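Have a look at the structure below before the remarks.
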Protein chains: 2
Amino acid sequence: MKIAIAQINTKVGDIQGNSIKIKKIIEKAAKLDIELTVFPELSLTGYPPKDLLNNKDFVTANLSELEKIAHFAGKTACIIGHIDFNPSLKGKALFNSAALIHKGKIVAKRHKSLLPDHDIFDESKYFEPFGKNIPLEFKKQKISITICDDILQDGPSPRKQIYKNNPISNLTKTRPDIIINISASSYCEGKTIKRNKLLTKIAKKTGSHLIYCNLVGANDELIFDGNSMVFDPKGKTIAQAAAFKEELLILDLKNPDDFKIPEQLSKEEECIQALTLGIKDFFHKQGFKKAVLGMSGGIDSALVGALAVRALGKENVSAVMMPSKYTSKESTNDAKELCKNLGIESQIIPINSIHKAYSENIFKEKKENATDTAEQNIQARIRGNILMALANKNNWLVLATGNKSESAVGYCTLYGDTTGAIAPIGDILKTDVYKIAKHLNKDSVVIPQAIINKAPSAELKPNQKDQDDLPPYGTLDKIITAYIEEDISPQNIVDSGISDKKTVFSIIKKIDANEFKRKQFPLSFKVSKKSLGCCRNMPLVKDMSFVFKHETTTHSSTTSADKQALPTLKTAKSK
Amino acid sequence: MKIAIAQINTKVGDIQGNSIKIKKIIEKAAKLDIELTVFPELSLTGYPPKDLLNNKDFVTANLSELEKIAHFAGKTACIIGHIDFNPSLKGKALFNSAALIHKGKIVAKRHKSLLPDHDIFDESKYFEPFGKNIPLEFKKQKISITICDDILQDGPSPRKQIYKNNPISNLTKTRPDIIINISASSYCEGKTIKRNKLLTKIAKKTGSHLIYCNLVGANDELIFDGNSMVFDPKGKTIAQAAAFKEELLILDLKNPDDFKIPEQLSKEEECIQALTLGIKDFFHKQGFKKAVLGMSGGIDSALVGALAVRALGKENVSAVMMPSKYTSKESTNDAKELCKNLGIESQIIPINSIHKAYSENIFKEKKENATDTAEQNIQARIRGNILMALANKNNWLVLATGNKSESAVGYCTLYGDTTGAIAPIGDILKTDVYKIAKHLNKDSVVIPQAIINKAPSAELKPNQKDQDDLPPYGTLDKIITAYIEEDISPQNIVDSGISDKKTVFSIIKKIDANEFKRKQFPLSFKVSKKSLGCCRNMPLVKDMSFVFKHETTTHSSTTSADKQALPTLKTAKSK
């Protein structure tokens, strides 16, 4: 069977636009005599639609458009991800569905069984799970159409089995000729390898051809990496689409062309491509063209500038140097050199006179050259205001340059350096910022070596260095990763030897105390296992002292005199 | 049976603090020979714990504390809401539970069956639902312990039945002597009346005494109103605790004292009490004492100032007047008079020289008295910065003064007037701001009449009035309510006669386009059916043109040639 995998980039809510894209591919497929074209999960509506799903008109419009596409498709067969109404009045109102279109009609529908609601997902808030997924016959082939988690259960979980039913074991019994999985699986570090292994295993286990069609493109915090793949019944990859771009992958299942698995991108290269796509889609999907950012001469703004140039083009990135009396000449020179390397326009707007005007007006008791937090924050906020003023004047968007290490411990000024429409490296730890910057320089110098070499500084008071207030970034980043990504308790982090108790405990207190700042941060792109944005839903007002009182024994409360038989309580396996 | 309902105010995560509070009440109950003391849902952990539930140490600590309380309680019996581990390795790892403690032991546990995940809730993300809830025998009474939604299914839903099982119908069959419901049901307008009706009906239907113990206090966006109640088997209210404050409500079920149902508070009074509690808990639960706010002479800052005084005391509220060249003398005078009425300290920090410093430095082509958006926003941001500088210097928190009407259409400056730790009236429409202000003045003038009478203005350019850019607030608020709270399509709003097509469509475009601003707003308290914060999870990057193409017919896609029998598709009943 000659199939096409349409790895497309959709926009959330844009049913008309997505439909136009789908129809163009159907036209092309018809010309190429493709027998079946597969589109990603919720390809008609975009993913994730979030609360648009509460709008009945949205669901109605997507169903109406699906019928139009069926009519348009004519002889061409295709599978399209869409939303359906749940006909029962019990349970959730919707299904996350796939429609098989053939000969101008919707000939079959399948609904997602396993709805993720861990981590970044909230599908069970909107969708009703569908219990049984029976294979269908198409062109004399037994085909199982599945949707993402139905077979791709890659959510992080300490549970042995997060779902109660398991479609994979059904597939192992029914052994279809072809398993099709339409998916919207977002990128994070290591995900592509993990996904590949999982799918290989399923193809082998079921003895089926496995067609995996993933979404590509960025929607809000999530970046979908594409990397659609086809496996033969022995688990061999016989085709793979590109990472981070659209592709129409065509192959004949029976007589596939020779295929060499492309080399896995390095961690840094993958991250660069992910963030570049993130910035590009955030701007272009909203109709913005140009970005402005403050260029301090430091590594963070240098990296954000370089990524923005890749995403938007050098003619669409504008840099502003905003020196104060604490800004070193080196910083301004480094920033200038960087802008030259990047080929972007830049301007210098000194902030001294504005800063002076604030200090004179706000504080009754004048202290010459006061350098407390209030005074430091004023400088950062002046810079944020200048960028916003330029953005307002020119219809640009501001890029915030903060990294994950700073956000985690609140080493940043709310309404100051956190100002922006997006924070492109908000999910990148400082140590990774350096690695990525070095990778960008691998062929020719983009980011001046001086920027990479210098000690990080906010330059908000004389001779300030980040390391006056924070442990070395190597240590800090390990603490952040252990606490945020790996859920390790403070005491266990100390015991693991990352750092001493005083340092670890003080950093973790900072992480917990700065939720209020992060609440008002701009969006950043999830590229780690756990970002500080969409991956965490922490209370703002809370007491976290329990984390410092780690008890090693778990308490199983047994009950007596109880008519309701309770199973013996065991604690879940720890991660 | 002599029972006590402990309507307590808990803090999320503060297992130790909540436990101390619980133990104090147990001590008191023991002295008063109370036979059973009932605490609210998740009383040990606070509600909603959100992602703290992913922390195993948190769950372990709460179970350990529960055992300590059982030991402490001695002869006193009580019911305590807590988290339990799900002993099965399938499904979610936790239960939302209630423990019956008696004679120093945990004698029974019950787990929540119906886990809300609509609207503000996400319980099914963390908890496994428990299928059957069997009554237990306690002191020769048949008692059913239920948790919140198990009987209190008050979520807004177009579905006939949002849950698949129905504990109420079981209770109607088993007819226990006493139904106990421990709850964390948050306040919104009209909720208390709705809840009362629902519970009355259940008591009648089951012929049981019904004890409803609700949480009180604010946690992040949610305000729990208390209003715990007891009904006799005929559905008559025989006791009711206070609204918006802690209370230990004691009564003998067999011989209740004569009870007169307290008069339902007016909408305005209820809202004032809710917001006051919200501000108070946000500050005090985090250890903050003093608030600062910008006082413009307008109605919004006047109301926020008055609420802050109620919540924190007049000695803990500091006002700042920040006039520009566009600020009228009346505004400053009105603001001064208000501060005098409130008895709060105030200072004047003019922003002209700071504004001048910005304009001179930022814009190359100087335009004398430019009044475009960029220039207007600079003024608002200077004010935000001044407030933050004062807050940083003095360890105060800034109160943002924006209302819901402004937030909805983005008639506000990000990092300017949206600056703050909380926006106390962020869920109050402008027309309600007036109503509440007038209510505050009912006994004596707090907010000067001139502030109530004047036409609203941001005073960011000469002779500016809100109504130059927006329809009259009466109209605007109706459009916002119809679109946000009632999910009515733009065309249907036009058809309902609220306003003309051009106005309605342009307002709705503004609502949809300003999600990016709201993403970075401070927290505000949910008091309406649907707030713009926690009640909405809308994509930022999206296309909303489908809302303007409302189609009246729904399309049921029938399938053919399909081995999987699908029920005929019907659309869910529209709201």
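Residue numbering restarts at 1 for every chain of the structure tokens, chains are lettered A, B, ... in their displayed order, and ligands are numbered from 1 as they appear.
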Those in segment 369-562 of chain B with alpha helix (DSSP H) from DSSP, as a VMD selection string = chain B and resid 373 to 394 404 to 409 430 to 440 449 to 453 466 to 469 473 to 480 490 to 495 501 to 513 515 to 519
Would you mind listing what lies within 12 Å of Gly17 of chain B as a PyMOL selection string, with only C-alpha atoms counted and same-chain residues fewer than 2 positions away left out?
-> (chain A and resi 542-546) or (chain B and resi 8-15+19-24+43-46+62+65+285)
Within 8 Å of Ile382 of chain B, counting only C-alpha atoms, which residues show up once you throw out same-chain ones fewer than 4 positions away? Write them as a PyMOL selection string, please.
-> chain B and resi 351+354-355+378+386+416
Which residues, written as a PDB file with N, CA, C and O atoms, in the first residue's frame, have at least one atom at most 7 Å from segment 390-392 of chain B, with only C-alpha atoms counted and residues fewer than 5 positions away on the same chain left out?
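Once written, selection_15.pdb looks like this:
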```
ATOM      1  N   THR A 373      18.185  46.229  46.942  1.00  0.00           N
ATOM      2  CA  THR A 373      17.344  45.539  45.952  1.00  0.00           C
ATOM      3  C   THR A 373      16.422  46.506  45.219  1.00  0.00           C
ATOM      4  O   THR A 373      16.256  46.420  44.003  1.00  0.00           O
ATOM      5  N   ALA A 374      15.817  47.432  45.972  1.00  0.00           N
ATOM      6  CA  ALA A 374      14.894  48.383  45.350  1.00  0.00           C
ATOM      7  C   ALA A 374      15.600  49.158  44.237  1.00  0.00           C
ATOM      8  O   ALA A 374      15.082  49.290  43.126  1.00  0.00           O
TER       9      ALA A 374
ATOM     10  N   VAL B 292       0.646  48.528  49.627  1.00  0.00           N
ATOM     11  CA  VAL B 292       0.759  49.854  49.020  1.00  0.00           C
ATOM     12  C   VAL B 292      -0.034  49.832  47.717  1.00  0.00           C
ATOM     13  O   VAL B 292      -0.107  48.803  47.041  1.00  0.00           O
ATOM     14  N   LEU B 397       3.489  44.669  49.980  1.00  0.00           N
ATOM     15  CA  LEU B 397       3.013  44.083  48.719  1.00  0.00           C
ATOM     16  C   LEU B 397       2.178  45.121  47.980  1.00  0.00           C
ATOM     17  O   LEU B 397       1.451  45.900  48.607  1.00  0.00           O
ATOM     18  N   VAL B 398       2.289  45.129  46.664  1.00  0.00           N
ATOM     19  CA  VAL B 398       1.525  46.070  45.845  1.00  0.00           C
ATOM     20  C   VAL B 398       0.155  45.478  45.508  1.00  0.00           C
ATOM     21  O   VAL B 398       0.054  44.309  45.141  1.00  0.00           O
TER      22      VAL B 398
END
```
Might you pull out every residue within 8 Å of segment 492-499 of chain B, with only C-alpha atoms counted and same-chain residues fewer than 4 positions away left off, and present them as a ChimeraX atom specification?
-> /B:475,478-479,482-483,488,503-504
Given only C-alpha atoms as the counted atoms, nearest of A:Ala291, A:Ala77, A:Ala218, A:Ala458 to chain B | A:Ala218
DSSP on the backbone: what in segment 16-126 of chain A comes out strand (DSSP E or B), as a PyMOL selection string?
-> chain A and resi 36-38+78-85+90+94-102+105-111
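Distance annotation: of A:Ala29, A:Leu249, A:Met321, A:Ala450, the residue with the minimal separation from chain B is A:Met321; atom set is only C-alpha atoms.
Comparing the minimum interatomic distances between chain A and each of B:Asn196, B:Ser405, B:Ser124, B:Asn333, counting only C-alpha atoms, we find that B:Ser124 sits nearest.
Between atom CA of Ala108 of chain A and atom CA of Leu36 of chain A the separation is 13.8 Å.
Take atom CA of Asn181 of chain B and atom CA of Leu210 of chain B: the distance between them is 7.6 Å.
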One decimal place gives the atom CA of Asp372 of chain B-atom CA of Leu470 of chain B separation as 16.7 Å
